[in-house]
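Q: I have a structure here, written as C-alpha coordinates, and I will follow up with some questions on it.
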Number of protein chains: 2
Amino acid sequence: MPPEQPPATRRAEAERNRATILAVARAAFAEPEADVSMAEIARRAGVGMATLYRNFPGRRELLETLFADEVDALCDGAERLADQAPGAALHTWLDRVFAFFGGKRRIGAELLEHSDAGNPFFGRARDRVLDAGRPLLTGAQRAGEIRADLTLEQILDMIGAVSAIRGEPGYVQPIYRTVLTGLRASPPAEPHIKRLFDGMPPA
Amino acid sequence: MPPEQPPATRRAEAERNRATILAVARAAFAEPEADVSMAEIARRAGVGMATLYRNFPGRRELLETLFADEVDALCDGAERLADQAPGAALHTWLDRVFAFFGGKRRIGAELLEHSDAGNPFFGRARDRVLDAGRPLLTGAQRAGEIRADLTLEQILDMIGAVSAIRGEPGYVQPIYRTVLTGLRASPPAEPHIKRLFDGMPPA
(Lines give C-alpha, C1' and ligand atoms only; values in the text may rest on other atoms or scores of the structure.)
Protein backbone atom coordinates (compact mmCIF):
# COMPACT_ATOMS: atom_id res chain seq x y z
CA MET A 1 0.00 0.00 0.00
CA PRO A 2 1.56 3.35 -1.04
CA PRO A 3 1.99 5.94 1.70
CA GLU A 4 -0.87 8.47 1.87
CA GLN A 5 0.08 11.89 0.38
CA PRO A 6 -0.10 14.93 2.65
CA PRO A 7 -3.17 17.18 1.93
CA ALA A 8 -1.08 20.06 0.49
CA THR A 9 0.42 17.73 -2.12
CA ARG A 10 -3.02 16.37 -3.02
CA ARG A 11 -4.36 19.90 -3.43
CA ALA A 12 -1.44 20.92 -5.63
CA GLU A 13 -1.94 17.86 -7.80
CA ALA A 14 -5.67 18.55 -8.12
CA GLU A 15 -4.94 22.11 -9.24
CA ARG A 16 -2.38 20.87 -11.73
CA ASN A 17 -4.90 18.40 -13.13
CA ARG A 18 -7.54 21.06 -13.53
CA ALA A 19 -5.11 23.43 -15.27
CA THR A 20 -3.93 20.64 -17.58
CA ILE A 21 -7.50 19.67 -18.49
CA LEU A 22 -8.33 23.29 -19.37
CA ALA A 23 -5.13 23.74 -21.37
CA VAL A 24 -5.61 20.62 -23.50
CA ALA A 25 -9.31 21.36 -23.99
CA ARG A 26 -8.49 24.90 -25.12
CA ALA A 27 -5.89 23.56 -27.54
CA ALA A 28 -8.28 20.91 -28.88
CA PHE A 29 -11.04 23.42 -29.52
CA ALA A 30 -8.58 25.62 -31.40
CA GLU A 31 -7.89 22.80 -33.90
CA PRO A 32 -10.59 23.08 -36.56
CA GLU A 33 -11.19 19.34 -37.02
CA ALA A 34 -10.08 17.97 -33.66
CA ASP A 35 -12.04 15.42 -31.66
CA VAL A 36 -13.07 17.25 -28.50
CA SER A 37 -14.99 14.48 -26.78
CA MET A 38 -14.64 14.26 -23.01
CA ALA A 39 -12.77 10.95 -23.50
CA GLU A 40 -10.25 12.60 -25.83
CA ILE A 41 -9.75 15.51 -23.43
CA ALA A 42 -9.09 13.07 -20.55
CA ARG A 43 -6.66 11.15 -22.78
CA ARG A 44 -4.73 14.27 -23.79
CA ALA A 45 -4.62 15.51 -20.20
CA GLY A 46 -3.38 12.13 -18.98
CA VAL A 47 -6.14 11.83 -16.37
CA GLY A 48 -8.91 9.31 -15.86
CA MET A 49 -12.54 10.04 -16.65
CA ALA A 50 -13.30 10.12 -12.92
CA THR A 51 -10.81 12.97 -12.41
CA LEU A 52 -12.20 14.83 -15.43
CA TYR A 53 -15.79 14.60 -14.18
CA ARG A 54 -14.76 15.49 -10.62
CA ASN A 55 -13.45 18.78 -12.04
CA PHE A 56 -16.24 19.37 -14.57
CA PRO A 57 -19.47 17.51 -13.80
CA GLY A 58 -20.57 17.92 -17.43
CA ARG A 59 -19.42 19.16 -20.79
CA ARG A 60 -21.35 22.39 -20.32
CA GLU A 61 -19.37 23.24 -17.16
CA LEU A 62 -16.12 22.68 -19.04
CA LEU A 63 -17.25 24.85 -21.97
CA GLU A 64 -18.43 27.64 -19.67
CA THR A 65 -15.11 27.64 -17.83
CA LEU A 66 -13.14 27.82 -21.09
CA PHE A 67 -15.34 30.64 -22.32
CA ALA A 68 -15.21 32.56 -19.04
CA ASP A 69 -11.41 32.22 -18.87
CA GLU A 70 -11.08 33.82 -22.29
CA VAL A 71 -13.42 36.63 -21.30
CA ASP A 72 -11.30 37.17 -18.17
CA ALA A 73 -8.14 37.34 -20.29
CA LEU A 74 -9.78 39.87 -22.63
CA CYS A 75 -10.88 42.07 -19.72
CA ASP A 76 -7.59 41.86 -17.82
CA GLY A 77 -5.75 42.61 -21.04
CA ALA A 78 -7.77 45.79 -21.54
CA GLU A 79 -6.75 47.03 -18.10
CA ARG A 80 -3.09 46.31 -18.70
CA LEU A 81 -3.20 48.25 -22.01
CA ALA A 82 -4.55 51.38 -20.36
CA ASP A 83 -1.13 53.04 -20.03
CA GLN A 84 -0.23 52.67 -23.72
CA ALA A 85 -0.89 55.28 -26.41
CA PRO A 86 -4.70 55.37 -26.88
CA GLY A 87 -4.91 54.39 -30.55
CA ALA A 88 -2.35 51.59 -30.23
CA ALA A 89 -3.99 50.27 -27.06
CA LEU A 90 -7.40 50.06 -28.69
CA HIS A 91 -6.05 48.41 -31.83
CA THR A 92 -4.11 45.82 -29.85
CA TRP A 93 -7.21 45.05 -27.84
CA LEU A 94 -9.44 44.84 -30.92
CA ASP A 95 -6.98 42.34 -32.43
CA ARG A 96 -7.57 40.19 -29.35
CA VAL A 97 -11.32 40.61 -29.62
CA PHE A 98 -11.11 39.50 -33.26
CA ALA A 99 -9.06 36.43 -32.27
CA PHE A 100 -11.51 35.76 -29.42
CA PHE A 101 -14.54 35.87 -31.73
CA GLY A 102 -12.80 33.60 -34.24
CA GLY A 103 -11.35 31.14 -31.73
CA LYS A 104 -14.32 30.93 -29.42
CA ARG A 105 -16.85 30.39 -32.18
CA ARG A 106 -16.75 26.63 -31.77
CA ILE A 107 -17.00 26.76 -27.98
CA GLY A 108 -19.70 29.44 -28.15
CA ALA A 109 -21.69 27.51 -30.76
CA GLU A 110 -21.58 24.36 -28.68
CA LEU A 111 -22.48 26.25 -25.51
CA LEU A 112 -25.57 27.48 -27.35
CA GLU A 113 -26.57 23.85 -27.92
CA HIS A 114 -26.36 23.27 -24.18
CA SER A 115 -28.34 26.41 -23.33
CA ASP A 116 -29.64 29.22 -25.56
CA ALA A 117 -28.79 32.73 -26.70
CA GLY A 118 -30.95 34.17 -23.91
CA ASN A 119 -28.70 32.48 -21.33
CA PRO A 120 -27.62 35.32 -19.03
CA PHE A 121 -24.13 33.81 -19.15
CA PHE A 122 -23.64 35.35 -22.62
CA GLY A 123 -25.15 38.70 -21.71
CA ARG A 124 -22.89 38.98 -18.67
CA ALA A 125 -19.82 38.10 -20.75
CA ARG A 126 -20.72 40.77 -23.32
CA ASP A 127 -21.32 43.36 -20.60
CA ARG A 128 -17.96 42.60 -19.00
CA VAL A 129 -16.12 42.91 -22.32
CA LEU A 130 -17.90 46.19 -23.06
CA ASP A 131 -17.04 47.59 -19.62
CA ALA A 132 -13.40 46.58 -20.00
CA GLY A 133 -12.98 48.03 -23.49
CA ARG A 134 -14.90 51.26 -23.06
CA PRO A 135 -12.04 53.26 -21.46
CA LEU A 136 -9.79 52.28 -24.36
CA LEU A 137 -12.31 53.49 -26.94
CA THR A 138 -13.02 56.70 -25.06
CA GLY A 139 -9.29 57.42 -24.84
CA ALA A 140 -8.71 56.74 -28.53
CA GLN A 141 -11.71 58.85 -29.57
CA ARG A 142 -10.63 61.75 -27.33
CA ALA A 143 -7.17 61.55 -28.89
CA GLY A 144 -8.83 61.84 -32.32
CA GLU A 145 -7.38 58.52 -33.43
CA ILE A 146 -10.69 56.70 -33.84
CA ARG A 147 -13.87 57.98 -35.51
CA ALA A 148 -16.31 59.35 -32.98
CA ASP A 149 -19.60 58.19 -34.51
CA LEU A 150 -19.36 54.57 -33.36
CA THR A 151 -20.04 53.09 -29.94
CA LEU A 152 -18.13 50.09 -28.62
CA GLU A 153 -21.26 48.00 -29.17
CA GLN A 154 -21.20 48.89 -32.85
CA ILE A 155 -17.46 48.21 -33.14
CA LEU A 156 -17.80 44.80 -31.46
CA ASP A 157 -20.76 43.90 -33.68
CA MET A 158 -18.73 44.92 -36.72
CA ILE A 159 -15.72 42.84 -35.68
CA GLY A 160 -17.96 39.92 -34.76
CA ALA A 161 -19.60 40.09 -38.20
CA VAL A 162 -16.22 40.07 -39.96
CA SER A 163 -14.94 37.20 -37.83
CA ALA A 164 -18.00 35.16 -38.86
CA ILE A 165 -17.15 35.42 -42.57
CA ARG A 166 -16.25 31.97 -43.79
CA GLY A 167 -12.82 31.48 -45.32
CA GLU A 168 -9.16 30.94 -44.66
CA PRO A 169 -7.32 33.55 -42.56
CA GLY A 170 -5.74 34.87 -45.78
CA TYR A 171 -9.24 35.63 -47.06
CA VAL A 172 -10.66 37.17 -43.88
CA GLN A 173 -7.62 39.12 -42.63
CA PRO A 174 -7.67 41.78 -45.41
CA ILE A 175 -11.35 42.35 -44.64
CA TYR A 176 -10.50 42.83 -40.99
CA ARG A 177 -7.71 45.28 -41.92
CA THR A 178 -10.17 47.20 -44.10
CA VAL A 179 -12.52 47.59 -41.16
CA LEU A 180 -9.67 48.79 -38.92
CA THR A 181 -8.68 51.35 -41.54
CA GLY A 182 -12.24 52.60 -41.53
CA LEU A 183 -12.12 53.09 -37.77
CA ARG A 184 -9.34 55.63 -38.04
CA ALA A 185 -10.56 59.18 -37.91
CA SER A 186 -7.60 60.40 -39.96
CA PRO A 187 -4.74 58.95 -41.99
CA PRO A 188 -2.05 57.28 -39.85
CA ALA A 189 0.97 59.28 -38.85
CA GLU A 190 2.27 57.34 -35.83
CA PRO A 191 4.51 54.33 -36.34
CA HIS A 192 2.24 52.09 -34.24
CA ILE A 193 -0.64 52.68 -36.62
CA LYS A 194 1.61 52.17 -39.60
CA ARG A 195 2.66 48.83 -38.13
CA LEU A 196 -0.93 47.82 -37.57
CA PHE A 197 -1.77 48.53 -41.16
CA ASP A 198 1.20 46.75 -42.65
CA GLY A 199 0.15 44.82 -45.67
CA MET A 200 -2.14 47.59 -46.86
CA PRO A 201 -1.44 48.73 -50.38
CA PRO A 202 0.22 52.12 -50.69
CA ALA A 203 -2.30 54.93 -51.12
CA MET B 1 -73.08 37.58 -70.80
CA PRO B 2 -70.21 40.13 -71.19
CA PRO B 3 -68.65 40.37 -74.64
CA GLU B 4 -65.46 38.32 -75.02
CA GLN B 5 -62.28 40.47 -74.85
CA PRO B 6 -59.92 40.38 -77.84
CA PRO B 7 -56.72 38.33 -77.16
CA ALA B 8 -54.41 41.40 -77.11
CA THR B 9 -56.49 42.98 -74.33
CA ARG B 10 -56.44 39.74 -72.34
CA ARG B 11 -52.66 39.51 -72.70
CA ALA B 12 -52.19 43.10 -71.59
CA GLU B 13 -54.40 42.52 -68.57
CA ALA B 14 -52.49 39.35 -67.66
CA GLU B 15 -49.19 41.24 -67.82
CA ARG B 16 -50.62 44.04 -65.70
CA ASN B 17 -51.79 41.50 -63.11
CA ARG B 18 -48.41 39.85 -62.95
CA ALA B 19 -46.62 43.19 -62.56
CA THR B 20 -49.07 44.27 -59.85
CA ILE B 21 -48.62 41.01 -57.94
CA LEU B 22 -44.84 41.38 -58.01
CA ALA B 23 -45.00 45.03 -56.96
CA VAL B 24 -47.26 44.45 -53.96
CA ALA B 25 -45.31 41.34 -52.92
CA ARG B 26 -42.04 43.32 -53.09
CA ALA B 27 -43.58 46.09 -50.99
CA ALA B 28 -45.00 43.62 -48.46
CA PHE B 29 -41.65 41.86 -48.00
CA ALA B 30 -39.98 45.23 -47.42
CA GLU B 31 -42.27 45.91 -44.41
CA PRO B 32 -40.60 44.27 -41.44
CA GLU B 33 -43.76 42.94 -39.79
CA ALA B 34 -46.09 42.64 -42.76
CA ASP B 35 -48.29 39.62 -43.45
CA VAL B 36 -46.93 38.18 -46.69
CA SER B 37 -49.26 35.22 -47.06
CA MET B 38 -50.40 34.38 -50.58
CA ALA B 39 -53.93 35.45 -49.58
CA GLU B 40 -52.68 38.86 -48.43
CA ILE B 41 -50.69 39.34 -51.63
CA ALA B 42 -53.78 38.50 -53.72
CA ARG B 43 -55.84 40.93 -51.62
CA ARG B 44 -53.34 43.79 -52.03
CA ALA B 45 -53.02 43.14 -55.75
CA GLY B 46 -56.80 43.10 -56.17
CA VAL B 47 -56.77 39.72 -57.89
CA GLY B 48 -58.34 36.37 -57.03
CA MET B 49 -56.35 33.43 -55.72
CA ALA B 50 -56.85 31.64 -59.05
CA THR B 51 -55.12 34.50 -60.89
CA LEU B 52 -52.30 34.56 -58.34
CA TYR B 53 -51.64 30.82 -58.66
CA ARG B 54 -51.92 30.95 -62.46
CA ASN B 55 -48.99 33.39 -62.39
CA PHE B 56 -47.02 31.70 -59.61
CA PRO B 57 -47.88 28.02 -59.07
CA GLY B 58 -46.34 28.18 -55.58
CA ARG B 59 -44.83 30.51 -53.07
CA ARG B 60 -41.35 29.42 -54.05
CA GLU B 61 -41.87 30.52 -57.67
CA LEU B 62 -43.02 33.94 -56.45
CA LEU B 63 -40.01 34.28 -54.12
CA GLU B 64 -37.57 33.21 -56.82
CA THR B 65 -39.02 35.73 -59.26
CA LEU B 66 -38.77 38.56 -56.71
CA PHE B 67 -35.20 37.59 -55.91
CA ALA B 68 -34.18 37.24 -59.56
CA ASP B 69 -35.76 40.61 -60.44
CA GLU B 70 -33.63 42.31 -57.78
CA VAL B 71 -30.52 40.56 -59.02
CA ASP B 72 -31.36 41.76 -62.54
CA ALA B 73 -31.74 45.33 -61.30
CA LEU B 74 -28.39 45.13 -59.50
CA CYS B 75 -26.64 43.82 -62.61
CA ASP B 76 -28.29 46.26 -65.03
CA GLY B 77 -27.49 49.08 -62.62
CA ALA B 78 -23.79 48.16 -62.67
CA GLU B 79 -23.71 48.41 -66.45
CA ARG B 80 -25.40 51.78 -66.44
CA LEU B 81 -22.86 53.12 -63.91
CA ALA B 82 -19.90 52.18 -66.07
CA ASP B 83 -19.52 55.66 -67.58
CA GLN B 84 -19.34 57.46 -64.20
CA ALA B 85 -16.14 58.26 -62.32
CA PRO B 86 -14.76 54.91 -61.10
CA GLY B 87 -14.81 55.53 -57.34
CA ALA B 88 -18.26 57.11 -57.39
CA ALA B 89 -19.66 54.37 -59.60
CA LEU B 90 -18.42 51.62 -57.31
CA HIS B 91 -19.70 53.38 -54.18
CA THR B 92 -23.14 53.94 -55.69
CA TRP B 93 -23.30 50.30 -56.69
CA LEU B 94 -22.14 49.07 -53.28
CA ASP B 95 -24.90 51.16 -51.67
CA ARG B 96 -27.37 49.19 -53.80
CA VAL B 97 -25.71 45.91 -52.86
CA PHE B 98 -26.04 46.87 -49.20
CA ALA B 99 -29.73 47.71 -49.68
CA PHE B 100 -30.18 44.47 -51.62
CA PHE B 101 -28.64 42.37 -48.84
CA GLY B 102 -30.73 44.13 -46.23
CA GLY B 103 -33.99 44.15 -48.14
CA LYS B 104 -33.73 40.66 -49.60
CA ARG B 105 -32.85 39.01 -46.31
CA ARG B 106 -36.43 38.02 -45.63
CA ILE B 107 -37.05 36.73 -49.15
CA GLY B 108 -33.68 34.96 -49.17
CA ALA B 109 -34.27 33.40 -45.75
CA GLU B 110 -37.65 32.11 -46.81
CA LEU B 111 -36.31 30.83 -50.10
CA LEU B 112 -33.81 28.82 -48.09
CA GLU B 113 -36.70 27.15 -46.27
CA HIS B 114 -38.11 26.11 -49.63
CA SER B 115 -34.78 24.83 -50.92
CA ASP B 116 -31.28 24.97 -49.38
CA ALA B 117 -28.06 26.98 -49.53
CA GLY B 118 -26.65 24.52 -52.08
CA ASN B 119 -29.49 25.43 -54.49
CA PRO B 120 -27.71 26.48 -57.70
CA PHE B 121 -30.20 29.35 -57.89
CA PHE B 122 -28.18 31.20 -55.21
CA GLY B 123 -24.80 30.37 -56.71
CA ARG B 124 -25.92 31.65 -60.11
CA ALA B 125 -27.26 34.86 -58.58
CA ARG B 126 -23.96 35.43 -56.77
CA ASP B 127 -21.96 34.75 -59.93
CA ARG B 128 -24.07 37.20 -61.93
CA VAL B 129 -23.65 39.94 -59.31
CA LEU B 130 -19.90 39.32 -59.20
CA ASP B 131 -19.62 39.47 -62.99
CA ALA B 132 -21.62 42.70 -63.11
CA GLY B 133 -19.66 44.45 -60.36
CA ARG B 134 -16.16 43.37 -61.30
CA PRO B 135 -15.55 46.04 -63.98
CA LEU B 136 -16.57 48.72 -61.46
CA LEU B 137 -14.10 47.43 -58.87
CA THR B 138 -11.30 47.02 -61.41
CA GLY B 139 -11.86 50.59 -62.62
CA ALA B 140 -11.87 52.02 -59.10
CA GLN B 141 -8.75 50.06 -58.10
CA ARG B 142 -6.90 51.15 -61.26
CA ALA B 143 -7.83 54.75 -60.49
CA GLY B 144 -6.31 54.27 -57.01
CA GLU B 145 -9.60 55.09 -55.32
CA ILE B 146 -10.15 51.71 -53.72
CA ARG B 147 -7.61 49.56 -51.88
CA ALA B 148 -6.10 46.92 -54.08
CA ASP B 149 -5.82 44.04 -51.61
CA LEU B 150 -9.49 43.03 -51.69
CA THR B 151 -11.37 41.05 -54.32
CA LEU B 152 -15.03 41.69 -55.10
CA GLU B 153 -15.86 38.42 -53.30
CA GLN B 154 -14.27 39.77 -50.14
CA ILE B 155 -16.01 43.14 -50.47
CA LEU B 156 -19.41 41.50 -50.98
CA ASP B 157 -18.85 39.17 -48.02
CA MET B 158 -17.89 42.18 -45.91
CA ILE B 159 -20.98 44.15 -46.92
CA GLY B 160 -23.16 41.08 -46.45
CA ALA B 161 -21.76 40.60 -42.94
CA VAL B 162 -22.47 44.24 -42.02
CA SER B 163 -25.99 44.09 -43.46
CA ALA B 164 -26.68 41.05 -41.25
CA ILE B 165 -25.91 42.97 -38.04
CA ARG B 166 -29.13 43.29 -36.10
CA GLY B 167 -30.33 46.77 -35.28
CA GLU B 168 -32.14 49.83 -36.51
CA PRO B 169 -30.77 51.57 -39.62
CA GLY B 170 -29.35 54.30 -37.33
CA TYR B 171 -27.28 51.63 -35.61
CA VAL B 172 -26.06 49.77 -38.71
CA GLN B 173 -25.50 52.72 -41.09
CA PRO B 174 -22.44 54.13 -39.26
CA ILE B 175 -20.91 50.65 -39.35
CA TYR B 176 -21.50 50.50 -43.08
CA ARG B 177 -19.94 53.96 -43.51
CA THR B 178 -16.91 52.80 -41.51
CA VAL B 179 -16.44 49.87 -43.86
CA LEU B 180 -16.71 52.15 -46.90
CA THR B 181 -14.09 54.46 -45.40
CA GLY B 182 -11.83 51.48 -45.00
CA LEU B 183 -12.21 50.63 -48.68
CA ARG B 184 -10.70 53.92 -49.76
CA ALA B 185 -7.04 53.63 -50.62
CA SER B 186 -6.44 57.27 -49.72
CA PRO B 187 -8.25 60.16 -48.01
CA PRO B 188 -11.07 61.61 -50.10
CA ALA B 189 -10.38 64.60 -52.25
CA GLU B 190 -13.20 64.45 -54.80
CA PRO B 191 -16.59 65.95 -53.95
CA HIS B 192 -18.43 62.72 -54.77
CA ILE B 193 -16.47 60.87 -52.10
CA LYS B 194 -17.03 63.69 -49.65
CA ARG B 195 -20.77 63.41 -50.29
CA LEU B 196 -20.70 59.67 -49.77
CA PHE B 197 -19.04 60.11 -46.43
CA ASP B 198 -21.31 62.85 -45.19
CA GLY B 199 -22.14 62.28 -41.59
CA MET B 200 -18.63 61.16 -40.76
CA PRO B 201 -17.04 63.11 -37.95
CA PRO B 202 -14.35 65.56 -39.01
CA ALA B 203 -10.88 64.01 -38.87
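By convention here, the chains of the C-alpha coordinates are called A, B, ... in the order presented, each chain's residues are numbered starting at 1, and ligands are numbered starting at 1 in the order presented.
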Near chain A, meaning an atom within 10 Å, which residues of chain B appear when counting only C-alpha atoms? Write them as a VMD selection string.

A: chain B and resid 144 to 151 153 to 155 157 to 167 171 to 172 174 to 187 199 to 203

Q: Find the residues near Leu52 (chain A): any atom within 10 Å, counting only C-alpha atoms, skip ones fewer than 3 places away on the same chain, and give them as a list of chain:residue names.

A: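 Neighbouring residues, sequence-local ones excluded: A:Asn17, A:Arg18, A:Ile21, A:Met38, A:Ala39, A:Ile41, A:Ala42, A:Arg43, A:Ala45, A:Gly46, A:Val47, A:Gly48, A:Met49, A:Asn55, A:Phe56, A:Pro57, A:Gly58, A:Arg59, A:Leu62.
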
Q: How about saving the chosen residues, N, CA, C and O atoms kept, as an mmCIF file, in the first residue's frame?

A:
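After the write, out.cif holds the following:
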data_model
loop_
_atom_site.group_PDB
_atom_site.id
_atom_site.type_symbol
_atom_site.label_atom_id
_atom_site.label_comp_id
_atom_site.auth_asym_id
_atom_site.auth_seq_id
_atom_site.Cartn_x
_atom_site.Cartn_y
_atom_site.Cartn_z
ATOM 1 N N ASN A 17 -4.014 19.150 -12.241
ATOM 2 C CA ASN A 17 -4.902 18.398 -13.126
ATOM 3 C C ASN A 17 -5.916 19.315 -13.803
ATOM 4 O O ASN A 17 -6.134 19.232 -15.008
ATOM 5 N N ARG A 18 -6.512 20.165 -12.995
ATOM 6 C CA ARG A 18 -7.538 21.060 -13.533
ATOM 7 C C ARG A 18 -6.938 21.976 -14.608
ATOM 8 O O ARG A 18 -7.519 22.168 -15.681
ATOM 9 N N ILE A 21 -6.258 19.966 -17.762
ATOM 10 C CA ILE A 21 -7.499 19.675 -18.488
ATOM 11 C C ILE A 21 -7.928 20.899 -19.305
ATOM 12 O O ILE A 21 -8.239 20.805 -20.495
ATOM 13 N N MET A 38 -15.168 14.274 -24.370
ATOM 14 C CA MET A 38 -14.645 14.256 -23.012
ATOM 15 C C MET A 38 -13.555 13.182 -22.888
ATOM 16 O O MET A 38 -12.542 13.373 -22.224
ATOM 17 N N ALA A 39 -13.758 12.042 -23.568
ATOM 18 C CA ALA A 39 -12.767 10.953 -23.495
ATOM 19 C C ALA A 39 -11.427 11.412 -24.073
ATOM 20 O O ALA A 39 -10.361 11.133 -23.509
ATOM 21 N N ILE A 41 -10.346 14.503 -24.320
ATOM 22 C CA ILE A 41 -9.753 15.514 -23.432
ATOM 23 C C ILE A 41 -9.066 14.829 -22.246
ATOM 24 O O ILE A 41 -7.941 15.189 -21.878
ATOM 25 N N ALA A 42 -9.711 13.803 -21.656
ATOM 26 C CA ALA A 42 -9.090 13.066 -20.550
ATOM 27 C C ALA A 42 -7.796 12.404 -21.027
ATOM 28 O O ALA A 42 -6.765 12.452 -20.350
ATOM 29 N N ARG A 43 -7.834 11.830 -22.243
ATOM 30 C CA ARG A 43 -6.658 11.147 -22.784
ATOM 31 C C ARG A 43 -5.499 12.134 -22.940
ATOM 32 O O ARG A 43 -4.380 11.903 -22.477
ATOM 33 N N ALA A 45 -5.058 14.949 -21.484
ATOM 34 C CA ALA A 45 -4.618 15.508 -20.202
ATOM 35 C C ALA A 45 -3.913 14.453 -19.347
ATOM 36 O O ALA A 45 -3.306 14.795 -18.328
ATOM 37 N N GLY A 46 -4.005 13.193 -19.757
ATOM 38 C CA GLY A 46 -3.378 12.128 -18.978
ATOM 39 C C GLY A 46 -4.060 11.889 -17.640
ATOM 40 O O GLY A 46 -3.418 11.544 -16.652
ATOM 41 N N VAL A 47 -5.373 12.093 -17.603
ATOM 42 C CA VAL A 47 -6.135 11.827 -16.372
ATOM 43 C C VAL A 47 -7.252 10.838 -16.699
ATOM 44 O O VAL A 47 -7.602 10.652 -17.872
ATOM 45 N N GLY A 48 -7.790 10.213 -15.662
ATOM 46 C CA GLY A 48 -8.909 9.312 -15.864
ATOM 47 C C GLY A 48 -10.207 10.079 -16.002
ATOM 48 O O GLY A 48 -10.286 11.277 -15.683
ATOM 49 N N MET A 49 -11.234 9.394 -16.488
ATOM 50 C CA MET A 49 -12.538 10.040 -16.648
ATOM 51 C C MET A 49 -13.086 10.508 -15.297
ATOM 52 O O MET A 49 -13.760 11.530 -15.217
ATOM 53 N N ASN A 55 -13.721 17.362 -11.792
ATOM 54 C CA ASN A 55 -13.445 18.783 -12.044
ATOM 55 C C ASN A 55 -14.595 19.479 -12.782
ATOM 56 O O ASN A 55 -14.927 20.626 -12.490
ATOM 57 N N PHE A 56 -15.163 18.774 -13.759
ATOM 58 C CA PHE A 56 -16.237 19.366 -14.571
ATOM 59 C C PHE A 56 -17.362 18.346 -14.686
ATOM 60 O O PHE A 56 -17.291 17.441 -15.524
ATOM 61 N N PRO A 57 -18.397 18.515 -13.863
ATOM 62 C CA PRO A 57 -19.468 17.509 -13.799
ATOM 63 C C PRO A 57 -20.073 17.209 -15.170
ATOM 64 O O PRO A 57 -20.587 16.120 -15.397
ATOM 65 N N GLY A 58 -20.018 18.161 -16.090
ATOM 66 C CA GLY A 58 -20.566 17.918 -17.426
ATOM 67 C C GLY A 58 -19.792 18.730 -18.443
ATOM 68 O O GLY A 58 -18.975 19.584 -18.105
ATOM 69 N N ARG A 59 -20.084 18.456 -19.691
ATOM 70 C CA ARG A 59 -19.424 19.155 -20.791
ATOM 71 C C ARG A 59 -19.729 20.663 -20.734
ATOM 72 O O ARG A 59 -18.885 21.490 -21.030
ATOM 73 N N LEU A 62 -17.453 22.510 -18.435
ATOM 74 C CA LEU A 62 -16.119 22.677 -19.036
ATOM 75 C C LEU A 62 -16.138 23.813 -20.064
ATOM 76 O O LEU A 62 -15.272 24.695 -20.062
#

Q: If you count only C-alpha atoms, which residues fall within 8 Å of region 87-104 of chain A, apart from same-chain ones fewer than 5 positions away, as a ChimeraX atom specification?

A: /A:30,67,70,74,77-78,81-82,133,136-137,139-140,143,145-146,156,159-160,163-164,180,192-193,196

Q: Show which residues sit within 12 Å of Glu33 (chain B), as number ranges by chain. Count only C-alpha atoms, and ignore same-chain residues fewer than 5 positions away.

A: B: 27-28, 106

Q: If you run DSSP on the backbone here, which positions in chain B get helix (DSSP H, G or I)? Please write them as a VMD selection string.

A: chain B and resid 7 to 30 38 to 45 49 to 55 59 to 80 86 to 114 120 to 142 152 to 163 169 to 183 191 to 196

Q: Skipping near chain neighbours, those fewer than 4 positions away, what residues fall within 7 Å of Val129 (chain A) using only C-alpha atoms, listed as a list of chain:residue names?

A: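 With the cut-off at 7 Å, the set is A:Val71, A:Cys75, A:Ala125, A:Gly133.
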
Q: What does the distance between CA of Ala132 (chain A) and CA of Glu79 (chain A) come to in Å, to one decimal place?

A: 6.9 Å

Q: What is the CA of Gln84 (chain A) to CA of Gln141 (chain A) distance in Å?

A: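 Calculated distance between CA of Gln84 (chain A) and CA of Gln141 (chain A) is 14.3 Å.
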
Q: Just to confirm, what's the straight-line distance from CA of Thr51 (chain A) to CA of Glu15 (chain A) in Å (one decimal)?

A: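 Atom-to-atom, CA of Thr51 (chain A) and CA of Glu15 (chain A) are spaced 11.3 Å apart.
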